[in-house]
Structure formats: structure tokens, C-alpha cells
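Engineer: Input input_3.pdb, format and content: PDB, C-alpha atoms.
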```pdb
MODEL        1
ATOM      1  CA  MET E 478     139.410  99.768  99.326  1.00  0.00           C
ATOM      2  CA  ASP E 479     139.741  97.379 102.239  1.00  0.00           C
ATOM      3  CA  PHE E 480     136.731  95.995 104.090  1.00  0.00           C
ATOM      4  CA  SER E 481     136.895  98.291 107.137  1.00  0.00           C
ATOM      5  CA  ASP E 482     137.088 101.385 104.912  1.00  0.00           C
ATOM      6  CA  TYR E 483     134.142 100.145 102.859  1.00  0.00           C
ATOM      7  CA  VAL E 484     132.036  99.547 105.983  1.00  0.00           C
ATOM      8  CA  ALA E 485     132.947 102.954 107.423  1.00  0.00           C
ATOM      9  CA  ALA E 486     131.916 104.641 104.162  1.00  0.00           C
ATOM     10  CA  ARG E 487     128.775 102.636 103.335  1.00  0.00           C
ATOM     11  CA  ARG E 488     127.213 101.156 106.486  1.00  0.00           C
ATOM     12  CA  THR E 489     124.857 104.053 107.234  1.00  0.00           C
ATOM     13  CA  THR E 490     123.641 104.099 103.631  1.00  0.00           C
ATOM     14  CA  LEU E 491     123.067 100.338 103.685  1.00  0.00           C
ATOM     15  CA  VAL E 492     121.041 100.602 106.902  1.00  0.00           C
ATOM     16  CA  ARG E 493     118.910 103.392 105.415  1.00  0.00           C
ATOM     17  CA  ALA E 494     118.350 101.286 102.294  1.00  0.00           C
ATOM     18  CA  ALA E 495     117.206  98.357 104.448  1.00  0.00           C
ATOM     19  CA  VAL E 496     114.792 100.675 106.302  1.00  0.00           C
ATOM     20  CA  LEU E 497     113.415 101.899 102.981  1.00  0.00           C
ATOM     21  CA  LEU E 498     113.029  98.270 101.902  1.00  0.00           C
ATOM     22  CA  GLY E 499     110.647  97.804 104.821  1.00  0.00           C
ATOM     23  CA  CYS E 500     112.752  96.854 107.860  1.00  0.00           C
ATOM     24  CA  PRO E 501     112.297  98.538 111.209  1.00  0.00           C
ATOM     25  CA  GLN E 502     115.542 100.283 112.222  1.00  0.00           C
ATOM     26  CA  PRO E 503     116.786  97.587 114.657  1.00  0.00           C
ATOM     27  CA  ASP E 504     116.052  94.813 112.140  1.00  0.00           C
ATOM     28  CA  ALA E 505     117.735  96.815 109.387  1.00  0.00           C
ATOM     29  CA  GLU E 506     120.901  97.054 111.466  1.00  0.00           C
ATOM     30  CA  ASP E 507     120.848  93.283 111.992  1.00  0.00           C
ATOM     31  CA  VAL E 508     120.254  92.585 108.295  1.00  0.00           C
ATOM     32  CA  VAL E 509     123.106  94.902 107.287  1.00  0.00           C
ATOM     33  CA  GLN E 510     125.403  93.318 109.863  1.00  0.00           C
ATOM     34  CA  THR E 511     124.629  89.860 108.481  1.00  0.00           C
ATOM     35  CA  ALA E 512     125.043  91.026 104.880  1.00  0.00           C
ATOM     36  CA  LEU E 513     128.384  92.652 105.658  1.00  0.00           C
ATOM     37  CA  LEU E 514     129.557  89.505 107.414  1.00  0.00           C
ATOM     38  CA  ARG E 515     128.692  87.509 104.284  1.00  0.00           C
ATOM     39  CA  CYS E 516     130.607  90.029 102.180  1.00  0.00           C
ATOM     40  CA  PHE E 517     133.582  89.925 104.532  1.00  0.00           C
ATOM     41  CA  ARG E 518     133.849  86.167 104.076  1.00  0.00           C
ATOM     42  CA  SER E 519     134.319  86.651 100.341  1.00  0.00           C
ATOM     43  CA  TRP E 520     135.767  90.174 100.288  1.00  0.00           C
ATOM     44  CA  ARG E 521     138.238  89.412  97.490  1.00  0.00           C
ATOM     45  CA  ARG E 522     135.348  88.357  95.267  1.00  0.00           C
ATOM     46  CA  VAL E 523     133.458  91.548  96.163  1.00  0.00           C
ATOM     47  CA  GLN E 524     136.507  93.669  95.298  1.00  0.00           C
ATOM     48  CA  ARG E 525     136.944  91.910  91.955  1.00  0.00           C
ATOM     49  CA  ALA E 526     133.292  92.432  90.984  1.00  0.00           C
ATOM     50  CA  ASP E 527     132.642  94.904  88.165  1.00  0.00           C
ATOM     51  CA  GLU E 528     130.342  96.828  90.495  1.00  0.00           C
ATOM     52  CA  PRO E 529     131.213  96.154  94.171  1.00  0.00           C
ATOM     53  CA  ASP E 530     128.326  98.295  95.474  1.00  0.00           C
ATOM     54  CA  ALA E 531     125.822  96.374  93.351  1.00  0.00           C
ATOM     55  CA  TYR E 532     127.326  93.130  94.667  1.00  0.00           C
ATOM     56  CA  VAL E 533     126.859  94.279  98.268  1.00  0.00           C
ATOM     57  CA  TYR E 534     123.270  95.400  97.584  1.00  0.00           C
ATOM     58  CA  ARG E 535     122.564  91.964  96.056  1.00  0.00           C
ATOM     59  CA  VAL E 536     123.821  90.375  99.285  1.00  0.00           C
ATOM     60  CA  LEU E 537     121.702  92.846 101.299  1.00  0.00           C
ATOM     61  CA  VAL E 538     118.525  92.041  99.350  1.00  0.00           C
ATOM     62  CA  ASN E 539     119.175  88.289  99.643  1.00  0.00           C
ATOM     63  CA  THR E 540     119.815  88.623 103.377  1.00  0.00           C
ATOM     64  CA  LEU E 541     116.590  90.577 103.783  1.00  0.00           C
ATOM     65  CA  HIS E 542     114.634  87.928 101.861  1.00  0.00           C
ATOM     66  CA  ASP E 543     116.209  85.192 104.016  1.00  0.00           C
ATOM     67  CA  ALA E 544     115.339  87.062 107.215  1.00  0.00           C
ATOM     68  CA  ARG E 545     111.727  87.512 106.136  1.00  0.00           C
ATOM     69  CA  SER E 546     111.319  83.876 105.180  1.00  0.00           C
ATOM     70  CA  ARG E 547     112.024  82.660 108.722  1.00  0.00           C
ATOM     71  CA  ARG E 548     108.964  81.760 110.743  1.00  0.00           C
ATOM     72  CA  TRP E 549     110.146  83.200 114.039  1.00  0.00           C
ATOM     73  CA  ASN E 550     112.400  86.215 114.424  1.00  0.00           C
ATOM     74  CA  GLY E 551     113.047  86.044 118.165  1.00  0.00           C
ATOM     75  CA  GLU E 552     110.829  88.930 119.209  1.00  0.00           C
ATOM     76  CA  LEU E 553     108.947  88.484 122.438  1.00  0.00           C
ATOM     77  CA  PRO E 554     105.977  90.597 123.540  1.00  0.00           C
ATOM     78  CA  THR E 555     106.397  92.787 126.599  1.00  0.00           C
ATOM     79  CA  GLU E 556     103.991  94.541 128.905  1.00  0.00           C
ATOM     80  CA  THR E 557     106.150  97.628 129.374  1.00  0.00           C
ATOM     81  CA  LEU E 558     106.946  99.985 126.551  1.00  0.00           C
ATOM     82  CA  PRO E 559     109.600 102.691 126.471  1.00  0.00           C
ATOM     83  CA  ASP E 560     108.433 106.199 127.396  1.00  0.00           C
ATOM     84  CA  HIS E 561     109.214 107.568 123.938  1.00  0.00           C
ATOM     85  CA  ALA E 562     110.673 106.440 120.668  1.00  0.00           C
ATOM     86  CA  ALA E 563     114.085 107.576 119.533  1.00  0.00           C
ATOM     87  CA  VAL E 564     113.873 110.377 116.983  1.00  0.00           C
ATOM     88  CA  ALA E 565     115.690 109.714 113.738  1.00  0.00           C
ATOM     89  CA  GLU E 566     117.335 112.674 112.056  1.00  0.00           C
ATOM     90  CA  ASP E 567     117.479 111.668 108.391  1.00  0.00           C
ATOM     91  CA  ALA E 568     114.809 112.240 105.755  1.00  0.00           C
ATOM     92  CA  THR E 569     114.523 108.541 104.854  1.00  0.00           C
ATOM     93  CA  SER E 570     112.988 107.840 108.243  1.00  0.00           C
ATOM     94  CA  GLY E 571     110.180 110.268 107.461  1.00  0.00           C
ATOM     95  CA  LEU E 572     106.725 108.850 107.900  1.00  0.00           C
ATOM     96  CA  ALA E 573     105.531 109.885 104.433  1.00  0.00           C
ATOM     97  CA  VAL E 574     108.413 108.129 102.656  1.00  0.00           C
ATOM     98  CA  ARG E 575     108.090 104.961 104.707  1.00  0.00           C
ATOM     99  CA  ARG E 576     104.302 104.938 104.371  1.00  0.00           C
ATOM    100  CA  ALA E 577     104.475 105.345 100.588  1.00  0.00           C
ATOM    101  CA  LEU E 578     107.090 102.613 100.224  1.00  0.00           C
ATOM    102  CA  GLY E 579     105.292 100.375 102.708  1.00  0.00           C
ATOM    103  CA  ALA E 580     102.114 100.511 100.638  1.00  0.00           C
ATOM    104  CA  MET E 581     103.936  99.197  97.565  1.00  0.00           C
ATOM    105  CA  SER E 582     104.624  95.657  96.516  1.00  0.00           C
ATOM    106  CA  ARG E 583     108.048  94.291  97.417  1.00  0.00           C
ATOM    107  CA  ASP E 584     109.114  94.393  93.748  1.00  0.00           C
ATOM    108  CA  HIS E 585     108.229  98.067  93.376  1.00  0.00           C
ATOM    109  CA  ARG E 586     109.775  99.028  96.708  1.00  0.00           C
ATOM    110  CA  GLU E 587     113.039  97.217  95.886  1.00  0.00           C
ATOM    111  CA  VAL E 588     113.417  98.793  92.468  1.00  0.00           C
ATOM    112  CA  LEU E 589     112.754 102.337  93.750  1.00  0.00           C
ATOM    113  CA  VAL E 590     115.130 102.025  96.690  1.00  0.00           C
ATOM    114  CA  LEU E 591     117.908 100.537  94.574  1.00  0.00           C
ATOM    115  CA  ARG E 592     117.468 102.997  91.684  1.00  0.00           C
ATOM    116  CA  TYR E 593     116.831 106.252  93.537  1.00  0.00           C
ATOM    117  CA  TYR E 594     118.203 105.788  97.036  1.00  0.00           C
ATOM    118  CA  ALA E 595     121.169 103.480  96.380  1.00  0.00           C
ATOM    119  CA  ASP E 596     121.648 105.290  93.047  1.00  0.00           C
ATOM    120  CA  LEU E 597     122.304 102.092  91.118  1.00  0.00           C
ATOM    121  CA  SER E 598     121.969 102.119  87.340  1.00  0.00           C
ATOM    122  CA  GLU E 599     119.249 100.125  85.595  1.00  0.00           C
ATOM    123  CA  ARG E 600     121.836  97.475  84.713  1.00  0.00           C
ATOM    124  CA  GLN E 601     123.144  97.281  88.283  1.00  0.00           C
ATOM    125  CA  THR E 602     119.612  97.114  89.674  1.00  0.00           C
ATOM    126  CA  ALA E 603     118.775  94.353  87.219  1.00  0.00           C
ATOM    127  CA  ASP E 604     121.846  92.419  88.329  1.00  0.00           C
ATOM    128  CA  VAL E 605     121.001  92.894  92.014  1.00  0.00           C
ATOM    129  CA  LEU E 606     117.404  91.743  91.543  1.00  0.00           C
ATOM    130  CA  ARG E 607     118.349  89.110  88.941  1.00  0.00           C
ATOM    131  CA  VAL E 608     115.835  90.371  86.426  1.00  0.00           C
ATOM    132  CA  PRO E 609     116.233  91.779  82.903  1.00  0.00           C
ATOM    133  CA  PRO E 610     116.841  95.549  82.567  1.00  0.00           C
ATOM    134  CA  GLY E 611     113.460  95.880  80.856  1.00  0.00           C
ATOM    135  CA  THR E 612     111.799  94.539  83.996  1.00  0.00           C
ATOM    136  CA  VAL E 613     113.582  97.190  86.054  1.00  0.00           C
ATOM    137  CA  LYS E 614     112.296  99.869  83.652  1.00  0.00           C
ATOM    138  CA  SER E 615     108.701  98.621  83.763  1.00  0.00           C
ATOM    139  CA  ARG E 616     108.682  98.142  87.546  1.00  0.00           C
ATOM    140  CA  THR E 617     110.124 101.611  87.992  1.00  0.00           C
ATOM    141  CA  ALA E 618     107.509 103.149  85.708  1.00  0.00           C
ATOM    142  CA  ARG E 619     104.678 101.344  87.498  1.00  0.00           C
ATOM    143  CA  ALA E 620     106.008 102.222  90.941  1.00  0.00           C
ATOM    144  CA  LEU E 621     106.362 105.893  90.017  1.00  0.00           C
ATOM    145  CA  ALA E 622     102.817 105.843  88.615  1.00  0.00           C
ATOM    146  CA  VAL E 623     101.569 104.471  91.944  1.00  0.00           C
ATOM    147  CA  LEU E 624     103.423 107.244  93.799  1.00  0.00           C
ATOM    148  CA  ALA E 625     102.018 109.888  91.477  1.00  0.00           C
ATOM    149  CA  ALA E 626      98.477 108.561  91.866  1.00  0.00           C
ATOM    150  CA  ASP E 627      98.907 108.479  95.650  1.00  0.00           C
ATOM    151  CA  GLN E 628     100.177 112.080  95.592  1.00  0.00           C
ATOM    152  CA  ASN E 629      97.200 113.174  93.469  1.00  0.00           C
ATOM    153  CA  VAL E 630      94.761 111.520  95.883  1.00  0.00           C
ATOM    154  CA  ARG E 631      96.402 113.168  98.895  1.00  0.00           C
ATOM    155  CA  SER E 632      96.413 116.635  97.296  1.00  0.00           C
ATOM    156  CA  SER E 633      92.726 116.437  96.324  1.00  0.00           C
TER
ENDMDL
END
```
Would you mind writing the structure in this file as C-alpha cells?
Structural biologist:
Amino acid sequence: MDFSDYVAARRTTLVRAAVLLGCPQPDAEDVVQTALLRCFRSWRRVQRADEPDAYVYRVLVNTLHDARSRRWNGELPTETLPDHAAVAEDATSGLAVRRALGAMSRDHREVLVLRYYADLSERQTADVLRVPPGTVKSRTARALAVLAADQNVRSS
């Protein structure tokens, strides 16, 4: 698959993954754009990878970490706000999903998004996060326990 076909097929999913990892929509689009640019520069290496999608998600997670480590992100306060926010259509923009993921630690949020949204295997997730597969399993179990406890509290 050439780069333009890959981007056409995966860009929306990558942006949604970045949103689920805690980025506001506009920032997620910027992070994905930067990650895809990094992948484009070494596209042959991406294509030769055993798991190209896992490779791209690794670049996405690294790009997100880099963006968050900067002191200033260029945002300037304004006195005027738009009349209304744009309404997103997909389920991953739902307030409950974003609130639940936002309340989690970065480690838990990353493992859940990569495992269940990006649909990466435990091995692929471990490679993306550069941790052992056992760590992915334990983080997943803990994160799901937090979600279950949160659900039990809300239903009480």
C-alpha cells in the first residue's frame, strides 16, 4: 500500500485514537499530521515493518508525548468565543467515553485505546508502548477494573 492510500484509509481512525488518548480534536489533527509526516519520511521502513499499523501507532504515541512535553503550545486566550461548538458524529467523541478515559492515568488510557480502539494485539501494543506483554496485560486488567468500579458507582 502506498502512503496516500494508507492515509486515506487510516487518517480518521488515527485522529479518533488521538482524541481518545486525551487530545482535543484540533490538537489531535495536528498530532496525526505530524506523525504521518514522520512516517512519510521513512515510508519504506514503515512498509517493511512486521506490523505497519503498530509502527504508525508507535509514531503517533511518541508524537503525542513530544507535543505534551513542550512548555508552550501556541494557544492564545481570546475574549470572544464561538456561538456554538461543532457537533461530532462518532461515538468516540461521546462525553462519557472521553470522561472515563480522561480520568485514567496516561498508561491506562494508552493501553485501552491501543488494545480496544486501535484493535492492536497485546504483542503489538507492547511494541508500541515499549513495555513487556505482561505489562500490557496488567495495565489492561487494572484499567478495566477502574472502568467497572466507575460504572458501579454511577449505577448506584
Engineer: Quick one: which residues end up in the PyMOL selection byres ((chain E and resi 596-608) around 8) for this structure, as a JSON list (two decimals) with C-alpha atoms, keeping the file's coordinate frame?
Structural biologist:
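The result, stored in expr.json:
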```json
[["chain", "number", "residue", "atom", "x", "y", "z"],
["E", 528, "GLU", "CA", 130.34, 96.83, 90.50],
["E", 531, "ALA", "CA", 125.82, 96.37, 93.35],
["E", 532, "TYR", "CA", 127.33, 93.13, 94.67],
["E", 534, "TYR", "CA", 123.27, 95.40, 97.58],
["E", 535, "ARG", "CA", 122.56, 91.96, 96.06],
["E", 538, "VAL", "CA", 118.52, 92.04, 99.35],
["E", 588, "VAL", "CA", 113.42, 98.79, 92.47],
["E", 591, "LEU", "CA", 117.91, 100.54, 94.57],
["E", 592, "ARG", "CA", 117.47, 103.00, 91.68],
["E", 593, "TYR", "CA", 116.83, 106.25, 93.54],
["E", 594, "TYR", "CA", 118.20, 105.79, 97.04],
["E", 595, "ALA", "CA", 121.17, 103.48, 96.38],
["E", 609, "PRO", "CA", 116.23, 91.78, 82.90],
["E", 610, "PRO", "CA", 116.84, 95.55, 82.57],
["E", 612, "THR", "CA", 111.80, 94.54, 84.00],
["E", 613, "VAL", "CA", 113.58, 97.19, 86.05],
["E", 614, "LYS", "CA", 112.30, 99.87, 83.65]]
```
Engineer: Counting all atoms listed in the file, which residue out of E:Leu491, E:Leu497, E:Ala505, E:Leu624 sits closest to E:Arg583?
Structural biologist: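 Closest to E:Arg583, using all atoms listed in the file: E:Leu497.
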Engineer: Compare E:Ala494, E:Cys500, E:Leu537, E:Ala577 by their minimum atom-to-atom distance to E:Ala625, counting all atoms listed in the file, and give me the closest one.
Structural biologist: E:Ala577
Engineer: Using only C-alpha atoms, which protein or nucleic acid residues come within 10 Å of E:Phe517? Drop anything in the same chain fewer than 3 positions from it, and give the result as number ranges by chain.
Structural biologist: E: 479-481, 484, 511-514, 520-523
Engineer: Give the answer as one residue: which of E:Leu498, E:Ala526, E:Ser615, E:Pro503 has the shortest atom-to-atom distance to E:Leu578, using only C-alpha atoms?
Structural biologist: E:Leu498
Engineer: Would you list the contacts of E:Arg575 as a list in words, taking every protein, DNA or RNA residue within 12 Å and counting only C-alpha atoms, but skipping same-chain residues closer than 2 positions in sequence?
Structural biologist: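 What passes the distance filter is Arg493, Ala494, Ala495, Val496, Leu497, Leu498, Gly499, Cys500, Pro501, Gln502, Ala568, Thr569, Ser570, Gly571, Leu572, Ala573, Ala577, Leu578, Gly579, Ala580, Met581, Arg586 and Val590 of chain E.
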Engineer: Could you check the closest approach to E:Arg545 for each of E:Asp504, E:Asp627, E:Glu587, E:Asp482 and tell me which residue wins, using only C-alpha atoms?
Structural biologist: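 Ranking E:Asp504, E:Asp627, E:Glu587, E:Asp482 by distance to E:Arg545, first place goes to E:Asp504.
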Engineer: Would you pick out the contacts of E:Gln524 at 9 Å or less, using all atoms listed in the file, so that residues sharing its chain but fewer than 5 positions from it are not included, and give the list as an mmCIF file with C-alpha atoms, keeping the file's coordinate frame?
Structural biologist:
```cif
data_model
loop_
_atom_site.group_PDB
_atom_site.id
_atom_site.type_symbol
_atom_site.label_atom_id
_atom_site.label_comp_id
_atom_site.auth_asym_id
_atom_site.auth_seq_id
_atom_site.Cartn_x
_atom_site.Cartn_y
_atom_site.Cartn_z
ATOM 1 C CA MET E 478 139.410 99.768 99.326
ATOM 2 C CA ASP E 479 139.741 97.379 102.239
ATOM 3 C CA SER E 519 134.319 86.651 100.341
ATOM 4 C CA PRO E 529 131.213 96.154 94.171
#
```
